[in-house]
>>> print(open('model33.txt').read())   # compact mmCIF, C-alpha atoms
# COMPACT_ATOMS: atom_id res chain seq x y z
CA MET W 675 -10.76 171.19 -53.10
CA THR W 676 -7.60 173.26 -53.24
CA MET W 677 -4.87 173.21 -50.62
CA ASN W 678 -5.78 176.72 -49.44
CA ASN W 679 -9.41 175.71 -48.96
CA ASN W 680 -8.28 172.56 -47.12
CA LEU W 681 -6.12 174.66 -44.81
CA GLN W 682 -8.92 177.14 -44.22
CA ASN W 683 -11.34 174.32 -43.43
CA THR W 684 -8.74 172.75 -41.14
CA ALA W 685 -8.25 176.04 -39.32
CA ILE W 686 -12.02 176.46 -38.94
CA LYS W 687 -12.42 172.92 -37.56
CA ILE W 688 -9.56 173.41 -35.14
CA ARG W 689 -10.81 176.81 -33.96
CA GLU W 690 -14.21 175.26 -33.21
CA VAL W 691 -12.61 173.54 -30.23
CA LYS W 692 -12.54 176.06 -27.37
CA ASN W 693 -12.45 175.97 -23.59
CA MET W 694 -14.12 172.63 -22.92
CA LYS W 695 -14.21 169.78 -20.46
CA TYR W 696 -13.04 166.35 -21.54
CA THR W 697 -12.48 163.03 -19.91
CA SER W 698 -8.91 161.84 -20.21
CA ALA W 699 -10.05 159.30 -22.80
CA GLU W 700 -11.76 162.02 -24.86
CA ALA W 701 -8.72 164.27 -24.57
CA GLY W 702 -6.53 161.41 -25.80
CA LYS W 703 -8.75 160.95 -28.85
CA LEU W 704 -8.73 164.69 -29.53
CA LEU W 705 -4.94 164.73 -29.22
CA LYS W 706 -4.70 161.92 -31.78
CA LYS W 707 -7.01 163.86 -34.11
CA LEU W 708 -4.87 167.01 -33.76
CA ASN W 709 -1.67 165.03 -34.40
CA ASP W 710 -3.26 163.46 -37.48
CA GLU W 711 -4.28 166.91 -38.71
CA GLN W 712 -0.74 168.20 -38.16
CA SER W 713 0.65 165.27 -40.17
CA SER W 714 -1.87 165.96 -42.93
CA ILE W 715 -0.90 169.64 -43.17
CA ILE W 716 2.79 168.72 -43.26
CA LEU W 717 2.17 166.15 -46.02
CA ARG W 718 0.11 168.62 -48.06
CA GLU W 719 2.90 171.17 -47.62
CA GLN W 720 5.53 168.67 -48.78
CA ASN W 721 3.42 167.84 -51.82
CA GLY W 722 2.69 171.48 -52.72
CA ARG W 723 5.76 173.56 -51.90
CA GLU W 724 7.84 172.30 -54.84
CA PHE W 725 6.89 171.03 -58.26
CA LEU W 726 8.46 169.83 -61.49
CA ALA W 727 7.74 171.25 -64.90
CA ALA W 728 9.17 170.40 -68.28
CA VAL W 729 11.16 172.97 -70.19
CA GLY W 730 8.73 175.16 -72.08
CA GLU W 731 5.72 174.02 -70.04
CA ASP W 732 3.41 176.72 -68.68
CA LEU W 733 4.38 176.86 -64.97
CA GLU W 734 1.02 178.23 -63.87
CA SER W 735 -0.84 175.31 -65.42
CA VAL W 736 1.13 172.76 -63.33
CA ARG W 737 1.79 174.85 -60.19
CA PRO W 738 0.13 173.19 -57.15
CA ASP W 739 -2.01 175.32 -54.88
CA TYR W 740 0.26 176.30 -51.97
CA ASP W 741 0.31 179.34 -49.73
CA PHE W 742 3.30 179.47 -47.40
CA THR W 743 1.76 181.90 -44.88
CA GLU W 744 -1.56 180.05 -44.63
CA THR W 745 0.25 176.74 -44.23
CA GLN W 746 2.53 178.06 -41.47
CA ASN W 747 -0.41 179.66 -39.68
CA ALA W 748 -2.40 176.42 -39.83
CA LEU W 749 0.60 174.45 -38.51
CA ASP W 750 1.21 176.97 -35.74
CA GLU W 751 -2.44 176.81 -34.69
CA VAL W 752 -2.50 173.00 -34.59
CA LYS W 753 0.78 172.91 -32.65
CA ARG W 754 -0.56 175.45 -30.15
CA LYS W 755 -3.65 173.33 -29.55
CA ILE W 756 -1.52 170.19 -29.14
CA ARG W 757 0.65 172.00 -26.55
CA LYS W 758 -2.37 173.24 -24.62
CA LEU W 759 -4.06 169.84 -24.64
CA LYS W 760 -0.89 167.97 -23.64
CA HIS W 761 -0.34 170.43 -20.82
CA ALA W 762 -3.92 169.97 -19.58
CA LEU W 763 -3.45 166.19 -19.70
CA ASN W 764 -0.15 166.41 -17.84
CA VAL W 765 -1.68 168.58 -15.11
CA PHE W 766 -4.68 166.23 -14.89
CA ASN W 767 -2.43 163.15 -14.67
CA SER W 768 -0.19 164.68 -12.02
CA THR W 769 -3.00 166.01 -9.81
CA THR W 770 -5.86 163.51 -10.14
CA VAL W 771 -5.71 160.86 -7.44
CA ILE W 772 -7.10 157.37 -7.93
CA PRO W 773 -8.84 156.88 -4.58
CA GLU W 774 -8.50 153.08 -4.33
CA PHE W 775 -4.73 153.35 -4.57
CA GLY W 776 -3.97 156.80 -3.20
CA MET W 777 -1.83 157.47 -6.28
CA THR W 778 -2.03 160.07 -9.00
CA ILE W 779 -2.63 158.92 -12.55
CA ASP W 780 1.00 159.51 -13.49
CA GLU W 781 2.10 157.30 -10.58
CA MET W 782 -0.36 154.64 -11.75
CA LEU W 783 1.12 154.85 -15.25
CA VAL W 784 4.42 153.78 -13.67
CA TYR W 785 2.89 151.31 -11.20
CA ILE W 786 0.93 149.31 -13.79
CA PRO W 787 4.01 148.40 -15.90
CA GLN W 788 5.84 147.51 -12.66
CA LEU W 789 2.99 145.18 -11.70
CA THR W 790 2.98 143.69 -15.19
CA ALA W 791 6.72 142.97 -15.01
CA LYS W 792 6.28 141.41 -11.55
CA LYS W 793 3.36 139.29 -12.80
CA ASN W 794 5.42 138.04 -15.77
CA LYS W 795 8.40 137.16 -13.54
CA LEU W 796 6.17 135.32 -11.06
CA ALA W 797 4.46 133.46 -13.92
CA ARG W 798 7.83 132.11 -15.05
CA MET W 799 8.82 131.20 -11.48
CA LYS W 800 5.54 129.45 -10.53
CA ASP W 801 5.71 127.16 -13.54
CA LYS W 802 9.20 125.82 -12.82
CA LEU W 803 9.72 122.26 -11.68
CA PRO W 804 11.35 121.85 -8.25
CA LYS W 805 14.20 119.80 -9.74
CA VAL W 806 15.44 119.87 -13.34
CA ARG W 807 18.23 117.88 -14.90
CA GLU W 808 20.83 120.11 -16.54
CA GLN W 809 22.79 119.15 -19.65
CA THR W 810 25.79 121.37 -19.01
CA ARG W 811 28.72 119.01 -19.50
CA VAL W 812 29.49 117.46 -22.87
CA ASN W 813 30.53 113.76 -22.83
CA SER W 814 30.34 113.53 -19.06
CA ALA W 815 28.80 110.85 -16.89
CA ILE W 816 28.15 113.38 -14.13
CA LEU W 817 24.57 114.59 -13.93
CA ASP W 818 23.79 118.06 -12.68
CA TYR W 819 20.44 119.13 -11.30
CA CYS W 820 19.03 122.61 -10.84
CA TYR W 821 16.96 122.98 -7.67
CA LEU W 822 14.52 125.74 -6.88
CA ASN W 823 15.42 127.80 -3.86
CA TYR W 824 11.85 128.96 -3.20
CA ASP W 825 8.40 127.56 -2.46
CA VAL W 826 6.40 127.26 -5.70
CA ASN W 827 3.12 127.55 -3.76
CA GLU W 828 4.26 130.83 -2.19
CA VAL W 829 5.17 132.16 -5.63
CA ALA W 830 1.82 130.97 -7.07
CA ALA W 831 -0.02 132.84 -4.28
CA ALA W 832 2.05 135.99 -4.94
CA TYR W 833 1.26 135.62 -8.65
CA GLU W 834 -2.50 135.47 -8.00
CA LYS W 835 -2.35 138.47 -5.66
CA THR W 836 -0.33 140.45 -8.22
CA CYS W 837 -2.82 139.58 -10.99
CA GLU W 838 -5.71 140.77 -8.81
CA THR W 839 -3.91 144.01 -7.91
CA LEU W 840 -3.04 144.63 -11.57
CA ALA W 841 -6.63 144.10 -12.68
CA LYS W 842 -7.92 146.43 -9.93
CA ALA W 843 -5.33 149.08 -10.87
CA GLN W 844 -6.23 148.91 -14.55
CA ASN W 845 -9.96 149.09 -13.81
CA ALA W 846 -9.51 151.99 -11.39
CA LEU W 847 -7.43 153.90 -13.95
CA ASP W 848 -9.96 153.20 -16.70
CA ALA W 849 -12.81 154.38 -14.45
CA VAL W 850 -11.05 157.67 -13.69
CA ASN W 851 -10.10 158.18 -17.34
CA MET W 852 -13.72 157.67 -18.39
CA THR W 853 -15.45 159.70 -15.66
CA LYS W 854 -13.30 162.53 -14.30
CA THR W 855 -12.94 165.57 -16.52
CA LEU W 856 -10.18 168.00 -17.26
CA GLU W 857 -10.54 171.47 -18.68
CA ALA W 858 -8.53 172.36 -21.76
CA GLU W 859 -8.35 175.89 -23.12
CA ILE W 860 -7.61 175.22 -26.75
>>> encode(input="model33.txt", output="structure tokens")
Amino acid sequence: MTMNNNLQNTAIKIREVKNMKYTSAEAGKLLKKLNDEQSSIILREQNGREFLAAVGEDLESVRPDYDFTETQNALDEVKRKIRKLKHALNVFNSTTVIPEFGMTIDEMLVYIPQLTAKKNKLARMKDKLPKVREQTRVNSAILDYCYLNYDVNEVAAAYEKTCETLAKAQNALDAVNMTKTLEAEI
């Protein structure tokens, strides 16, 4: 199949997507597909816009199939669809509230990494020994000890609570992403 036919087929496939409803998960997959298609068009353009020929060789026999206008139109169309879909996702994420948490999706996308960081910190803290011998001085008979300045049981309880909250947040976000729909005019 020639490059022009590939571009025409790409444009037809892309134009098939119209004003539709998608879950956030479906929109994410469609966005990946559109980005892949954009990369493919760019690669085909890079491979077809220039070519080498030996002196005396018939240029038309080695010229790759490339049409500048068709290529630019196909790229513009894919980029337009990507913009529209990203905008619809951004609006969806900033206006859709996750009921269990009273937060929008975009807030949850900040909250979940914060919970993960807290969980990781608490995991390190809960596993510490209350008293640890330090080897800080070379050739010294003086022993130093590092003592915890917190209750390990309190940290362990906070760790468990944070793990539960994180799991609930992830499940609530997944449920919304798989069930609520957004409308994208692409």
>>> residues_around(input="model33.txt", residues="region 705-714 of chain W", least_positions_apart="4", cutoff="7 Å", atoms="all atoms listed in the file", output="list in words")
Ala701, Arg718, Leu749, Val752, Ile756 and Leu759 of chain W
>>> closest_residue(input="model33.txt", among="W:Tyr821, W:Phe742, W:Phe725, W:Phe766", to="Lys695 (chain W)", atoms="all atoms listed in the file")
W:Phe766
>>> atom_distance(input="model33.txt", atom1="CA of Glu857 (chain W)", atom2="CA of Lys753 (chain W)")
18.0 Å
>>> residues_around(input="model33.txt", residues="Ala830 (chain W)", least_positions_apart="4", cutoff="10 Å", atoms="all atoms listed in the file", output="number ranges by chain")
W: 796-797, 799-801, 825-826, 834-836
>>> residues_around(input="model33.txt", residues="Val771 (chain W)", least_positions_apart="5", cutoff="10 Å", atoms="only C-alpha atoms", output="number ranges by chain")
W: 766, 776-782, 847, 850
>>> write_last_selection(input="model33.txt", atoms="C-alpha atoms", output="mmCIF file, keeping the file's coordinate frame")
data_model
loop_
_atom_site.group_PDB
_atom_site.id
_atom_site.type_symbol
_atom_site.label_atom_id
_atom_site.label_comp_id
_atom_site.auth_asym_id
_atom_site.auth_seq_id
_atom_site.Cartn_x
_atom_site.Cartn_y
_atom_site.Cartn_z
ATOM 1 C CA PHE W 766 -4.680 166.230 -14.890
ATOM 2 C CA GLY W 776 -3.970 156.800 -3.200
ATOM 3 C CA MET W 777 -1.830 157.470 -6.280
ATOM 4 C CA THR W 778 -2.030 160.070 -9.000
ATOM 5 C CA ILE W 779 -2.630 158.920 -12.550
ATOM 6 C CA ASP W 780 1.000 159.510 -13.490
ATOM 7 C CA GLU W 781 2.100 157.300 -10.580
ATOM 8 C CA MET W 782 -0.360 154.640 -11.750
ATOM 9 C CA LEU W 847 -7.430 153.900 -13.950
ATOM 10 C CA VAL W 850 -11.050 157.670 -13.690
#
>>> closest_residue(input="model33.txt", among="W:Arg737, W:Leu704, W:Lys854, W:Asp732", to="Thr769 (chain W)", atoms="only C-alpha atoms")
W:Lys854
>>> atom_distance(input="model33.txt", atom1="CA of Lys795 (chain W)", atom2="CA of Cys820 (chain W)")
18.2 Å
>>> residues_around(input="model33.txt", residues="Arg798 (chain W)", least_positions_apart="5", cutoff="12 Å", atoms="all atoms listed in the file", output="PyMOL selection string")
chain W and resi 791-793+803+826+829-830+833
>>> atom_distance(input="model33.txt", atom1="CA of Gly722 (chain W)", atom2="CA of Asp750 (chain W)")
17.9 Å
>>> closest_residue(input="model33.txt", among="W:Leu763, W:Val806, W:Ile715, W:Val729", to="Asp741 (chain W)", atoms="all atoms listed in the file")
W:Ile715
>>> closest_residue(input="model33.txt", among="W:Gln788, W:Asn827, W:Ser698, W:Pro773", to="Ala846 (chain W)", atoms="all atoms listed in the file")
W:Pro773
>>> closest_residue(input="model33.txt", among="W:Asn794, W:Glu774, W:Gln809, W:Lys760", to="Asn845 (chain W)", atoms="all atoms listed in the file")
W:Glu774
